$ cat run_33.txt   # compact mmCIF, N, CA and C atoms
# COMPACT_ATOMS: atom_id res chain seq x y z
N MET A 358 -2.90 -7.04 -11.26
CA MET A 358 -4.02 -6.21 -10.90
C MET A 358 -4.10 -5.03 -11.86
N LEU A 359 -5.28 -4.67 -12.17
CA LEU A 359 -5.50 -3.45 -12.94
C LEU A 359 -5.84 -2.37 -11.92
N LEU A 360 -4.95 -1.40 -11.80
CA LEU A 360 -5.08 -0.39 -10.76
C LEU A 360 -5.72 0.87 -11.30
N ASP A 361 -6.83 1.27 -10.68
CA ASP A 361 -7.53 2.51 -11.00
C ASP A 361 -7.43 3.36 -9.74
N TRP A 362 -6.61 4.41 -9.79
CA TRP A 362 -6.33 5.15 -8.58
C TRP A 362 -6.59 6.64 -8.76
N TYR A 363 -6.87 7.27 -7.63
CA TYR A 363 -7.18 8.70 -7.57
C TYR A 363 -6.44 9.32 -6.40
N VAL A 364 -6.08 10.59 -6.51
CA VAL A 364 -5.42 11.30 -5.42
C VAL A 364 -6.33 12.43 -4.96
N ASP A 365 -6.54 12.51 -3.65
CA ASP A 365 -7.31 13.60 -3.04
C ASP A 365 -6.39 14.43 -2.17
N ASN A 366 -6.56 15.74 -2.21
CA ASN A 366 -5.87 16.67 -1.33
C ASN A 366 -4.35 16.68 -1.49
N GLY A 367 -3.86 16.27 -2.64
CA GLY A 367 -2.43 16.28 -2.89
C GLY A 367 -2.01 17.49 -3.71
N THR A 368 -0.80 17.96 -3.48
CA THR A 368 -0.24 19.03 -4.31
C THR A 368 0.16 18.44 -5.66
N ASP A 369 0.50 19.29 -6.61
CA ASP A 369 0.97 18.80 -7.91
C ASP A 369 2.20 17.91 -7.73
N GLU A 370 3.10 18.31 -6.84
CA GLU A 370 4.30 17.51 -6.59
C GLU A 370 3.94 16.14 -6.00
N GLN A 371 3.01 16.10 -5.04
CA GLN A 371 2.60 14.84 -4.43
C GLN A 371 1.92 13.93 -5.46
N VAL A 372 1.10 14.51 -6.32
CA VAL A 372 0.44 13.72 -7.37
C VAL A 372 1.49 13.13 -8.32
N ALA A 373 2.51 13.89 -8.65
CA ALA A 373 3.58 13.40 -9.52
C ALA A 373 4.33 12.24 -8.85
N ILE A 374 4.58 12.35 -7.56
CA ILE A 374 5.26 11.27 -6.82
C ILE A 374 4.39 10.01 -6.84
N VAL A 375 3.11 10.18 -6.55
CA VAL A 375 2.18 9.04 -6.56
C VAL A 375 2.14 8.41 -7.94
N SER A 376 2.08 9.22 -8.98
CA SER A 376 2.02 8.70 -10.35
C SER A 376 3.25 7.84 -10.65
N ARG A 377 4.40 8.31 -10.26
CA ARG A 377 5.64 7.56 -10.51
C ARG A 377 5.64 6.23 -9.76
N VAL A 378 5.24 6.26 -8.50
CA VAL A 378 5.21 5.02 -7.70
C VAL A 378 4.17 4.05 -8.25
N MET A 379 2.98 4.55 -8.57
CA MET A 379 1.91 3.66 -9.04
C MET A 379 2.26 3.06 -10.40
N ASP A 380 2.93 3.81 -11.25
CA ASP A 380 3.38 3.28 -12.53
C ASP A 380 4.38 2.14 -12.29
N PHE A 381 5.32 2.37 -11.38
CA PHE A 381 6.30 1.34 -11.03
C PHE A 381 5.61 0.11 -10.45
N ILE A 382 4.72 0.31 -9.49
CA ILE A 382 4.02 -0.79 -8.82
C ILE A 382 3.20 -1.60 -9.83
N SER A 383 2.51 -0.92 -10.72
CA SER A 383 1.62 -1.62 -11.66
C SER A 383 2.40 -2.53 -12.61
N ARG A 384 3.70 -2.28 -12.78
CA ARG A 384 4.53 -3.11 -13.64
C ARG A 384 5.28 -4.20 -12.87
N HIS A 385 5.16 -4.21 -11.55
CA HIS A 385 5.87 -5.19 -10.74
C HIS A 385 5.16 -6.54 -10.80
N GLN A 386 5.93 -7.60 -10.85
CA GLN A 386 5.40 -8.97 -10.99
C GLN A 386 4.34 -9.29 -9.94
N MET A 387 4.52 -8.80 -8.73
CA MET A 387 3.57 -9.08 -7.65
C MET A 387 2.15 -8.64 -8.04
N PHE A 388 2.06 -7.54 -8.79
CA PHE A 388 0.77 -6.98 -9.14
C PHE A 388 0.29 -7.41 -10.52
N ILE A 389 1.20 -7.81 -11.40
CA ILE A 389 0.81 -8.19 -12.77
C ILE A 389 0.04 -9.50 -12.79
N LYS A 390 0.44 -10.47 -11.97
CA LYS A 390 -0.14 -11.80 -12.08
C LYS A 390 -1.60 -11.89 -11.63
N ASN A 391 -2.09 -10.92 -10.88
CA ASN A 391 -3.48 -10.90 -10.44
C ASN A 391 -4.27 -9.99 -11.39
N LYS A 392 -5.31 -10.49 -12.00
CA LYS A 392 -6.06 -9.73 -13.00
C LYS A 392 -7.29 -9.00 -12.43
N LYS A 393 -7.38 -8.88 -11.13
CA LYS A 393 -8.50 -8.16 -10.53
C LYS A 393 -8.38 -6.66 -10.79
N ILE A 394 -9.53 -6.01 -10.87
CA ILE A 394 -9.55 -4.55 -10.96
C ILE A 394 -9.64 -4.00 -9.55
N ILE A 395 -8.70 -3.14 -9.22
CA ILE A 395 -8.61 -2.56 -7.88
C ILE A 395 -8.75 -1.04 -8.01
N VAL A 396 -9.63 -0.47 -7.20
CA VAL A 396 -9.83 0.98 -7.16
C VAL A 396 -9.23 1.49 -5.85
N ILE A 397 -8.37 2.51 -5.97
CA ILE A 397 -7.66 3.02 -4.79
C ILE A 397 -7.81 4.53 -4.72
N ASP A 398 -8.30 4.99 -3.59
CA ASP A 398 -8.38 6.43 -3.31
C ASP A 398 -7.20 6.75 -2.40
N ILE A 399 -6.27 7.56 -2.89
CA ILE A 399 -5.07 7.93 -2.13
C ILE A 399 -5.30 9.35 -1.62
N ASP A 400 -5.35 9.49 -0.32
CA ASP A 400 -5.73 10.76 0.30
C ASP A 400 -4.58 11.29 1.15
N PHE A 401 -4.17 12.53 0.88
CA PHE A 401 -3.16 13.18 1.71
C PHE A 401 -3.88 13.87 2.85
N VAL A 402 -3.48 13.52 4.08
CA VAL A 402 -4.21 13.94 5.28
C VAL A 402 -3.27 14.59 6.30
N ASN A 403 -3.86 15.20 7.31
CA ASN A 403 -3.10 15.84 8.38
C ASN A 403 -2.67 14.86 9.47
N SER A 404 -3.28 13.68 9.54
CA SER A 404 -2.94 12.73 10.60
C SER A 404 -1.57 12.12 10.34
N SER A 405 -0.97 11.59 11.39
CA SER A 405 0.38 11.04 11.27
C SER A 405 0.36 9.69 10.57
N GLY A 406 1.50 9.33 9.99
CA GLY A 406 1.68 8.02 9.40
C GLY A 406 0.96 7.81 8.09
N GLY A 407 0.66 6.56 7.83
CA GLY A 407 -0.07 6.15 6.64
C GLY A 407 -0.97 5.00 7.03
N GLY A 408 -1.87 4.64 6.13
CA GLY A 408 -2.77 3.55 6.42
C GLY A 408 -3.50 3.07 5.18
N CYS A 409 -4.00 1.86 5.27
CA CYS A 409 -4.74 1.25 4.17
C CYS A 409 -5.94 0.53 4.75
N VAL A 410 -7.10 0.75 4.14
CA VAL A 410 -8.29 0.03 4.56
C VAL A 410 -9.06 -0.39 3.31
N GLU A 411 -9.61 -1.60 3.35
CA GLU A 411 -10.46 -2.06 2.26
C GLU A 411 -11.87 -1.56 2.58
N VAL A 412 -12.35 -0.61 1.79
CA VAL A 412 -13.65 0.01 2.01
C VAL A 412 -14.76 -0.95 1.60
N GLU A 413 -14.60 -1.54 0.44
CA GLU A 413 -15.47 -2.58 -0.10
C GLU A 413 -14.56 -3.55 -0.82
N ARG A 414 -15.11 -4.67 -1.21
CA ARG A 414 -14.29 -5.65 -1.94
C ARG A 414 -13.73 -4.98 -3.21
N GLY A 415 -12.41 -4.94 -3.32
CA GLY A 415 -11.76 -4.37 -4.48
C GLY A 415 -11.63 -2.85 -4.47
N GLN A 416 -12.06 -2.21 -3.37
CA GLN A 416 -11.95 -0.76 -3.25
C GLN A 416 -11.21 -0.43 -1.95
N PHE A 417 -10.17 0.38 -2.10
CA PHE A 417 -9.29 0.67 -0.97
C PHE A 417 -9.11 2.16 -0.79
N GLU A 418 -8.81 2.53 0.44
CA GLU A 418 -8.43 3.91 0.73
C GLU A 418 -7.07 3.87 1.42
N ILE A 419 -6.16 4.66 0.88
CA ILE A 419 -4.82 4.80 1.46
C ILE A 419 -4.69 6.24 1.94
N GLU A 420 -4.23 6.41 3.16
CA GLU A 420 -3.97 7.75 3.70
C GLU A 420 -2.47 7.92 3.89
N ILE A 421 -1.99 9.12 3.51
CA ILE A 421 -0.57 9.47 3.65
C ILE A 421 -0.49 10.85 4.26
N ASN A 422 0.38 11.01 5.23
CA ASN A 422 0.57 12.31 5.88
C ASN A 422 1.02 13.33 4.84
N LYS A 423 0.31 14.43 4.73
CA LYS A 423 0.61 15.43 3.70
C LYS A 423 1.91 16.18 3.94
N ARG A 424 2.50 16.05 5.12
CA ARG A 424 3.77 16.74 5.41
C ARG A 424 4.99 15.88 5.10
N TYR A 425 4.78 14.68 4.63
CA TYR A 425 5.91 13.80 4.32
C TYR A 425 6.74 14.32 3.14
N CYS A 426 8.03 14.04 3.20
CA CYS A 426 8.93 14.36 2.08
C CYS A 426 8.75 13.30 0.98
N LYS A 427 9.37 13.53 -0.16
CA LYS A 427 9.24 12.65 -1.32
C LYS A 427 9.56 11.20 -0.98
N LYS A 428 10.71 10.96 -0.37
CA LYS A 428 11.14 9.60 -0.07
C LYS A 428 10.15 8.89 0.86
N THR A 429 9.65 9.61 1.85
CA THR A 429 8.72 9.00 2.79
C THR A 429 7.37 8.74 2.13
N ILE A 430 6.94 9.62 1.23
CA ILE A 430 5.71 9.36 0.47
C ILE A 430 5.88 8.09 -0.35
N GLU A 431 7.00 7.97 -1.04
CA GLU A 431 7.27 6.79 -1.86
C GLU A 431 7.22 5.52 -1.01
N LYS A 432 7.95 5.52 0.10
CA LYS A 432 8.01 4.33 0.94
C LYS A 432 6.66 4.00 1.56
N THR A 433 5.94 5.03 2.00
CA THR A 433 4.62 4.80 2.60
C THR A 433 3.65 4.24 1.57
N LEU A 434 3.63 4.80 0.38
CA LEU A 434 2.72 4.31 -0.65
C LEU A 434 3.06 2.88 -1.05
N ILE A 435 4.33 2.57 -1.21
CA ILE A 435 4.73 1.20 -1.51
C ILE A 435 4.27 0.26 -0.41
N HIS A 436 4.50 0.64 0.83
CA HIS A 436 4.10 -0.19 1.98
C HIS A 436 2.60 -0.45 1.96
N GLU A 437 1.82 0.61 1.77
CA GLU A 437 0.36 0.45 1.79
C GLU A 437 -0.13 -0.34 0.58
N MET A 438 0.56 -0.22 -0.56
CA MET A 438 0.19 -1.01 -1.73
C MET A 438 0.47 -2.49 -1.51
N ILE A 439 1.45 -2.82 -0.70
CA ILE A 439 1.69 -4.22 -0.34
C ILE A 439 0.49 -4.72 0.46
N HIS A 440 -0.05 -3.89 1.34
CA HIS A 440 -1.27 -4.29 2.06
C HIS A 440 -2.44 -4.46 1.10
N VAL A 441 -2.56 -3.59 0.10
CA VAL A 441 -3.62 -3.76 -0.91
C VAL A 441 -3.47 -5.15 -1.55
N HIS A 442 -2.26 -5.50 -1.92
CA HIS A 442 -2.02 -6.82 -2.52
C HIS A 442 -2.40 -7.94 -1.54
N GLN A 443 -2.04 -7.78 -0.26
CA GLN A 443 -2.37 -8.80 0.74
C GLN A 443 -3.89 -8.96 0.86
N TYR A 444 -4.61 -7.86 0.89
CA TYR A 444 -6.08 -7.90 0.96
C TYR A 444 -6.66 -8.50 -0.32
N ALA A 445 -6.24 -8.01 -1.48
CA ALA A 445 -6.81 -8.44 -2.76
C ALA A 445 -6.56 -9.92 -3.03
N SER A 446 -5.45 -10.44 -2.53
CA SER A 446 -5.15 -11.86 -2.72
C SER A 446 -5.83 -12.75 -1.69
N GLY A 447 -6.50 -12.13 -0.71
CA GLY A 447 -7.22 -12.89 0.32
C GLY A 447 -6.35 -13.35 1.46
N ARG A 448 -5.09 -12.97 1.47
CA ARG A 448 -4.19 -13.38 2.55
C ARG A 448 -4.43 -12.59 3.82
N LEU A 449 -4.91 -11.35 3.69
CA LEU A 449 -5.18 -10.50 4.84
C LEU A 449 -6.63 -10.04 4.79
N THR A 450 -7.29 -10.12 5.93
CA THR A 450 -8.62 -9.53 6.11
C THR A 450 -8.56 -8.70 7.38
N GLN A 451 -9.66 -8.06 7.73
CA GLN A 451 -9.67 -7.26 8.96
C GLN A 451 -9.48 -8.13 10.21
N THR A 452 -9.73 -9.44 10.08
CA THR A 452 -9.63 -10.32 11.25
C THR A 452 -8.70 -11.51 11.07
N HIS A 453 -8.26 -11.80 9.83
CA HIS A 453 -7.47 -13.01 9.58
C HIS A 453 -6.22 -12.73 8.75
N TRP A 454 -5.21 -13.54 8.99
CA TRP A 454 -3.98 -13.55 8.18
C TRP A 454 -3.73 -14.98 7.76
N MET A 455 -3.66 -15.22 6.46
CA MET A 455 -3.40 -16.54 5.90
C MET A 455 -4.41 -17.59 6.41
N GLY A 456 -5.68 -17.16 6.53
CA GLY A 456 -6.75 -18.06 6.92
C GLY A 456 -6.87 -18.33 8.40
N LYS A 457 -6.02 -17.71 9.21
CA LYS A 457 -6.07 -17.92 10.66
C LYS A 457 -6.34 -16.58 11.35
N PRO A 458 -6.97 -16.61 12.53
CA PRO A 458 -7.21 -15.35 13.24
C PRO A 458 -5.90 -14.59 13.43
N GLN A 459 -5.98 -13.28 13.28
CA GLN A 459 -4.78 -12.46 13.45
C GLN A 459 -4.22 -12.66 14.85
N PRO A 460 -2.90 -12.86 14.94
CA PRO A 460 -2.29 -13.03 16.27
C PRO A 460 -2.30 -11.72 17.05
N LYS A 461 -2.37 -11.84 18.34
CA LYS A 461 -2.34 -10.67 19.23
C LYS A 461 -0.89 -10.36 19.57
N VAL A 462 -0.23 -9.65 18.66
CA VAL A 462 1.17 -9.28 18.87
C VAL A 462 1.32 -7.80 18.57
N SER A 463 2.46 -7.24 18.94
CA SER A 463 2.70 -5.82 18.70
C SER A 463 2.74 -5.53 17.20
N TYR A 464 2.56 -4.26 16.84
CA TYR A 464 2.50 -3.83 15.45
C TYR A 464 3.65 -4.39 14.62
N ARG A 465 4.89 -4.22 15.08
CA ARG A 465 6.06 -4.64 14.31
C ARG A 465 6.21 -6.16 14.24
N GLU A 466 5.50 -6.89 15.11
CA GLU A 466 5.57 -8.36 15.08
C GLU A 466 4.45 -8.97 14.24
N GLN A 467 3.51 -8.16 13.76
CA GLN A 467 2.44 -8.68 12.94
C GLN A 467 3.04 -9.18 11.62
N PRO A 468 2.74 -10.42 11.23
CA PRO A 468 3.39 -10.98 10.05
C PRO A 468 3.12 -10.20 8.76
N TRP A 469 1.95 -9.61 8.60
CA TRP A 469 1.66 -8.82 7.40
C TRP A 469 2.47 -7.52 7.39
N GLU A 470 2.76 -6.98 8.57
CA GLU A 470 3.61 -5.79 8.64
C GLU A 470 5.07 -6.15 8.38
N GLN A 471 5.51 -7.27 8.90
CA GLN A 471 6.88 -7.70 8.64
C GLN A 471 7.09 -7.90 7.14
N GLU A 472 6.14 -8.54 6.49
CA GLU A 472 6.23 -8.73 5.04
C GLU A 472 6.23 -7.39 4.32
N ALA A 473 5.34 -6.49 4.74
CA ALA A 473 5.23 -5.18 4.08
C ALA A 473 6.52 -4.37 4.23
N TYR A 474 7.11 -4.38 5.42
CA TYR A 474 8.36 -3.62 5.61
C TYR A 474 9.51 -4.21 4.79
N LYS A 475 9.58 -5.54 4.73
CA LYS A 475 10.64 -6.18 3.94
C LYS A 475 10.49 -5.83 2.46
N LEU A 476 9.29 -6.02 1.93
CA LEU A 476 9.06 -5.74 0.51
C LEU A 476 9.14 -4.24 0.20
N GLU A 477 8.70 -3.41 1.14
CA GLU A 477 8.80 -1.96 0.97
C GLU A 477 10.25 -1.56 0.69
N SER A 478 11.15 -2.08 1.48
CA SER A 478 12.56 -1.76 1.33
C SER A 478 13.08 -2.23 -0.03
N GLU A 479 12.77 -3.48 -0.39
CA GLU A 479 13.22 -4.04 -1.67
C GLU A 479 12.67 -3.22 -2.85
N LEU A 480 11.38 -2.94 -2.82
CA LEU A 480 10.74 -2.23 -3.92
C LEU A 480 11.21 -0.77 -4.00
N HIS A 481 11.41 -0.14 -2.84
CA HIS A 481 11.87 1.23 -2.87
C HIS A 481 13.28 1.32 -3.44
N ASN A 482 14.12 0.36 -3.09
CA ASN A 482 15.47 0.33 -3.67
C ASN A 482 15.41 0.18 -5.19
N ALA A 483 14.50 -0.64 -5.68
CA ALA A 483 14.34 -0.84 -7.13
C ALA A 483 13.79 0.43 -7.79
N LEU A 484 12.87 1.11 -7.12
CA LEU A 484 12.30 2.35 -7.64
C LEU A 484 13.38 3.42 -7.74
N ALA A 485 14.23 3.48 -6.74
CA ALA A 485 15.28 4.53 -6.68
C ALA A 485 16.43 4.23 -7.64
N ALA A 486 16.54 3.01 -8.10
CA ALA A 486 17.67 2.62 -8.98
C ALA A 486 17.57 3.24 -10.36

$ encode --input "run_33.txt" --output "structure tokens"
Amino acid sequence: MLLDWYVDNGTDEQVAIVSRVMDFISRHQMFIKNKKIIVIDIDFVNSSGGGCVEVERGQFEIEINKRYCKKTIEKTLIHEMIHVHQYASGRLTQTHWMGKPQPKVSYREQPWEQEAYKLESELHNALAA
């Protein structure tokens, strides 16, 4: 994927963290093999947690809690970028996972979240190495 990303409402330190993570992500095999152009608006917000939504085809918005520490920003951004990959590859939509209706299960049992948490951990360990 060719990633075109922007940061809104972030401090200089938060922008530097995002830059480091996005540089790492853009070189990872998961993202290199797809040649789509993806536009991502990364917004630091007051709400809790993080989130990713596909605004339009190929355009995403990621929200990250502005009070997060460096490590949590890194992990959250990696996690949400995995969702960007899931959406961009067509495996995840607002209603379907892998071509089937999304199962009605708890957040942690959702297969796209299980994949994102597993890969988040692996990628964050590689980033920190």

$ atom_distance --input "run_33.txt" --atom1 "atom CA of Lys461 of chain A" --atom2 "atom CA of Glu431 of chain A"
29.0 Å

$ closest_atom_pairs --input "run_33.txt" --of "segment 422-472 of chain A" --to "segment 415-418 of chain A" --cutoff "8 Å" --atoms "all atoms listed in the file" --output "tab-separated table"
residue	atom	partner	partner_atom	distance
A:Val441	CA	A:Phe417	CA	7.2
A:Tyr444	C	A:Gly415	N	7.4
A:Ala445	CA	A:Gly415	N	6.6

$ residues_around --input "run_33.txt" --residues "Ile430 of chain A" --least-positions-apart "4" --cutoff "10 Å" --atoms "only C-alpha atoms" --output "VMD selection string"
chain A and resid 371 374 to 375 378 401 406 to 407 421 to 426 434 to 436

$ select_by_dssp --input "run_33.txt" --residues "segment 383-419 of chain A" --states "strand (DSSP E)" --output "ChimeraX atom specification"
/A:394-402,407-413,416-419

$ atom_distance --input "run_33.txt" --atom1 "atom CA of Ile395 of chain A" --atom2 "atom CA of Arg414 of chain A"
8.8 Å

$ residues_around --input "run_33.txt" --residues "Glu477 of chain A" --least-positions-apart "2" --cutoff "10 Å" --atoms "only C-alpha atoms" --output "VMD selection string"
chain A and resid 431 to 439 471 to 475 479 to 483

$ write_last_selection --input "run_33.txt" --atoms "N, CA and C atoms" --output "mmCIF file, keeping the file's coordinate frame"
data_model
loop_
_atom_site.group_PDB
_atom_site.id
_atom_site.type_symbol
_atom_site.label_atom_id
_atom_site.label_comp_id
_atom_site.auth_asym_id
_atom_site.auth_seq_id
_atom_site.Cartn_x
_atom_site.Cartn_y
_atom_site.Cartn_z
ATOM 1 N N GLU A 431 7.000 7.970 -1.040
ATOM 2 C CA GLU A 431 7.270 6.790 -1.860
ATOM 3 C C GLU A 431 7.220 5.520 -1.010
ATOM 4 N N LYS A 432 7.950 5.520 0.100
ATOM 5 C CA LYS A 432 8.010 4.330 0.940
ATOM 6 C C LYS A 432 6.660 4.000 1.560
ATOM 7 N N THR A 433 5.940 5.030 2.000
ATOM 8 C CA THR A 433 4.620 4.800 2.600
ATOM 9 C C THR A 433 3.650 4.240 1.570
ATOM 10 N N LEU A 434 3.630 4.800 0.380
ATOM 11 C CA LEU A 434 2.720 4.310 -0.650
ATOM 12 C C LEU A 434 3.060 2.880 -1.050
ATOM 13 N N ILE A 435 4.330 2.570 -1.210
ATOM 14 C CA ILE A 435 4.730 1.200 -1.510
ATOM 15 C C ILE A 435 4.270 0.260 -0.410
ATOM 16 N N HIS A 436 4.500 0.640 0.830
ATOM 17 C CA HIS A 436 4.100 -0.190 1.980
ATOM 18 C C HIS A 436 2.600 -0.450 1.960
ATOM 19 N N GLU A 437 1.820 0.610 1.770
ATOM 20 C CA GLU A 437 0.360 0.450 1.790
ATOM 21 C C GLU A 437 -0.130 -0.340 0.580
ATOM 22 N N MET A 438 0.560 -0.220 -0.560
ATOM 23 C CA MET A 438 0.190 -1.010 -1.730
ATOM 24 C C MET A 438 0.470 -2.490 -1.510
ATOM 25 N N ILE A 439 1.450 -2.820 -0.700
ATOM 26 C CA ILE A 439 1.690 -4.220 -0.340
ATOM 27 C C ILE A 439 0.490 -4.720 0.460
ATOM 28 N N GLN A 471 5.510 -7.270 8.900
ATOM 29 C CA GLN A 471 6.880 -7.700 8.640
ATOM 30 C C GLN A 471 7.090 -7.900 7.140
ATOM 31 N N GLU A 472 6.140 -8.540 6.490
ATOM 32 C CA GLU A 472 6.230 -8.730 5.040
ATOM 33 C C GLU A 472 6.230 -7.390 4.320
ATOM 34 N N ALA A 473 5.340 -6.490 4.740
ATOM 35 C CA ALA A 473 5.230 -5.180 4.080
ATOM 36 C C ALA A 473 6.520 -4.370 4.230
ATOM 37 N N TYR A 474 7.110 -4.380 5.420
ATOM 38 C CA TYR A 474 8.360 -3.620 5.610
ATOM 39 C C TYR A 474 9.510 -4.210 4.790
ATOM 40 N N LYS A 475 9.580 -5.540 4.730
ATOM 41 C CA LYS A 475 10.640 -6.180 3.940
ATOM 42 C C LYS A 475 10.490 -5.830 2.460
ATOM 43 N N GLU A 479 12.770 -3.480 -0.390
ATOM 44 C CA GLU A 479 13.220 -4.040 -1.670
ATOM 45 C C GLU A 479 12.670 -3.220 -2.850
ATOM 46 N N LEU A 480 11.380 -2.940 -2.820
ATOM 47 C CA LEU A 480 10.740 -2.230 -3.920
ATOM 48 C C LEU A 480 11.210 -0.770 -4.000
ATOM 49 N N HIS A 481 11.410 -0.140 -2.840
ATOM 50 C CA HIS A 481 11.870 1.230 -2.870
ATOM 51 C C HIS A 481 13.280 1.320 -3.440
ATOM 52 N N ASN A 482 14.120 0.360 -3.090
ATOM 53 C CA ASN A 482 15.470 0.330 -3.670
ATOM 54 C C ASN A 482 15.410 0.180 -5.190
ATOM 55 N N ALA A 483 14.500 -0.640 -5.680
ATOM 56 C CA ALA A 483 14.340 -0.840 -7.130
ATOM 57 C C ALA A 483 13.790 0.430 -7.790
#

$ select_by_dssp --input "run_33.txt" --residues "segment 382-445 of chain A" --states "alpha helix (DSSP H)" --output "ChimeraX atom specification"
/A:382-383,386-389,427-445

$ closest_residue --input "run_33.txt" --among "A:Trp362, A:Phe381, A:Tyr464, A:Trp454" --to "Val396 of chain A" --atoms "only C-alpha atoms"
A:Trp362

$ atom_distance --input "run_33.txt" --atom1 "atom CA of Asp361 of chain A" --atom2 "atom CA of Ile394 of chain A"
7.3 Å

$ closest_residue --input "run_33.txt" --among "A:Thr368, A:Pro468, A:Cys409, A:Gln459" --to "His440 of chain A" --atoms "only N, CA and C atoms"
A:Cys409

$ closest_residue --input "run_33.txt" --among "A:Asp398, A:Glu466, A:Asp380, A:Glu413" --to "Tyr363 of chain A" --atoms "all atoms listed in the file"
A:Asp398

$ residues_around --input "run_33.txt" --residues "Ile399 of chain A" --least-positions-apart "4" --cutoff "5 Å" --atoms "only N, CA and C atoms" --output "list in words"
Tyr363, Val364, Asp365 and Ile419 of chain A

$ closest_residue --input "run_33.txt" --among "A:Ile382, A:Arg377, A:Glu470, A:Leu359" --to "Lys428 of chain A" --atoms "only C-alpha atoms"
A:Arg377

$ closest_residue --input "run_33.txt" --among "A:Met379, A:His385, A:Lys390, A:Gly367" --to "Val402 of chain A" --atoms "only N, CA and C atoms"
A:Gly367

$ decode --input "run_33.txt" --residues "segment 423-428 of chain A" --atoms "all heavy atoms" --output "short mmCIF file (atom, residue, chain, number, x, y, z; two decimals), in the first residue's frame"
data_model
loop_
_atom_site.label_atom_id
_atom_site.label_comp_id
_atom_site.auth_asym_id
_atom_site.auth_seq_id
_atom_site.Cartn_x
_atom_site.Cartn_y
_atom_site.Cartn_z
N LYS A 423 -5.59 11.23 23.06
CA LYS A 423 -4.45 12.16 23.14
C LYS A 423 -3.67 12.06 24.45
O LYS A 423 -2.57 12.57 24.56
CB LYS A 423 -4.88 13.60 22.88
CG LYS A 423 -5.77 14.19 23.93
CD LYS A 423 -6.02 15.69 23.77
CE LYS A 423 -6.44 16.09 22.40
NZ LYS A 423 -6.74 17.51 22.27
N ARG A 424 -4.22 11.37 25.45
CA ARG A 424 -3.53 11.23 26.74
C ARG A 424 -2.67 9.97 26.81
O ARG A 424 -2.02 9.73 27.82
CB ARG A 424 -4.55 11.26 27.88
CG ARG A 424 -5.20 12.64 28.06
CD ARG A 424 -6.27 12.66 29.13
NE ARG A 424 -7.42 11.82 28.85
CZ ARG A 424 -8.44 12.16 28.06
NH1 ARG A 424 -8.44 13.32 27.45
NH2 ARG A 424 -9.45 11.35 27.88
N TYR A 425 -2.65 9.19 25.76
CA TYR A 425 -1.85 7.97 25.76
C TYR A 425 -0.35 8.25 25.81
O TYR A 425 0.12 9.23 25.22
CB TYR A 425 -2.13 7.14 24.52
CG TYR A 425 -3.39 6.29 24.56
CD1 TYR A 425 -3.86 5.68 23.41
CD2 TYR A 425 -4.09 6.08 25.73
CE1 TYR A 425 -4.99 4.89 23.42
CE2 TYR A 425 -5.23 5.29 25.76
CZ TYR A 425 -5.67 4.70 24.60
OH TYR A 425 -6.78 3.92 24.63
N CYS A 426 0.38 7.35 26.46
CA CYS A 426 1.84 7.43 26.48
C CYS A 426 2.38 6.89 25.14
O CYS A 426 1.63 6.33 24.33
CB CYS A 426 2.40 6.61 27.64
SG CYS A 426 2.15 4.83 27.47
N LYS A 427 3.67 7.04 24.93
CA LYS A 427 4.32 6.65 23.68
C LYS A 427 4.02 5.20 23.30
O LYS A 427 3.61 4.91 22.17
CB LYS A 427 5.83 6.86 23.79
CG LYS A 427 6.59 6.41 22.58
CD LYS A 427 8.09 6.53 22.78
CE LYS A 427 8.81 5.95 21.57
NZ LYS A 427 10.18 5.65 21.82
N LYS A 428 4.24 4.28 24.22
CA LYS A 428 4.05 2.86 23.93
C LYS A 428 2.60 2.56 23.54
O LYS A 428 2.35 1.80 22.60
CB LYS A 428 4.46 2.01 25.14
CG LYS A 428 4.31 0.52 24.92
CD LYS A 428 4.78 -0.27 26.13
CE LYS A 428 4.60 -1.75 25.93
NZ LYS A 428 5.05 -2.52 27.08
#
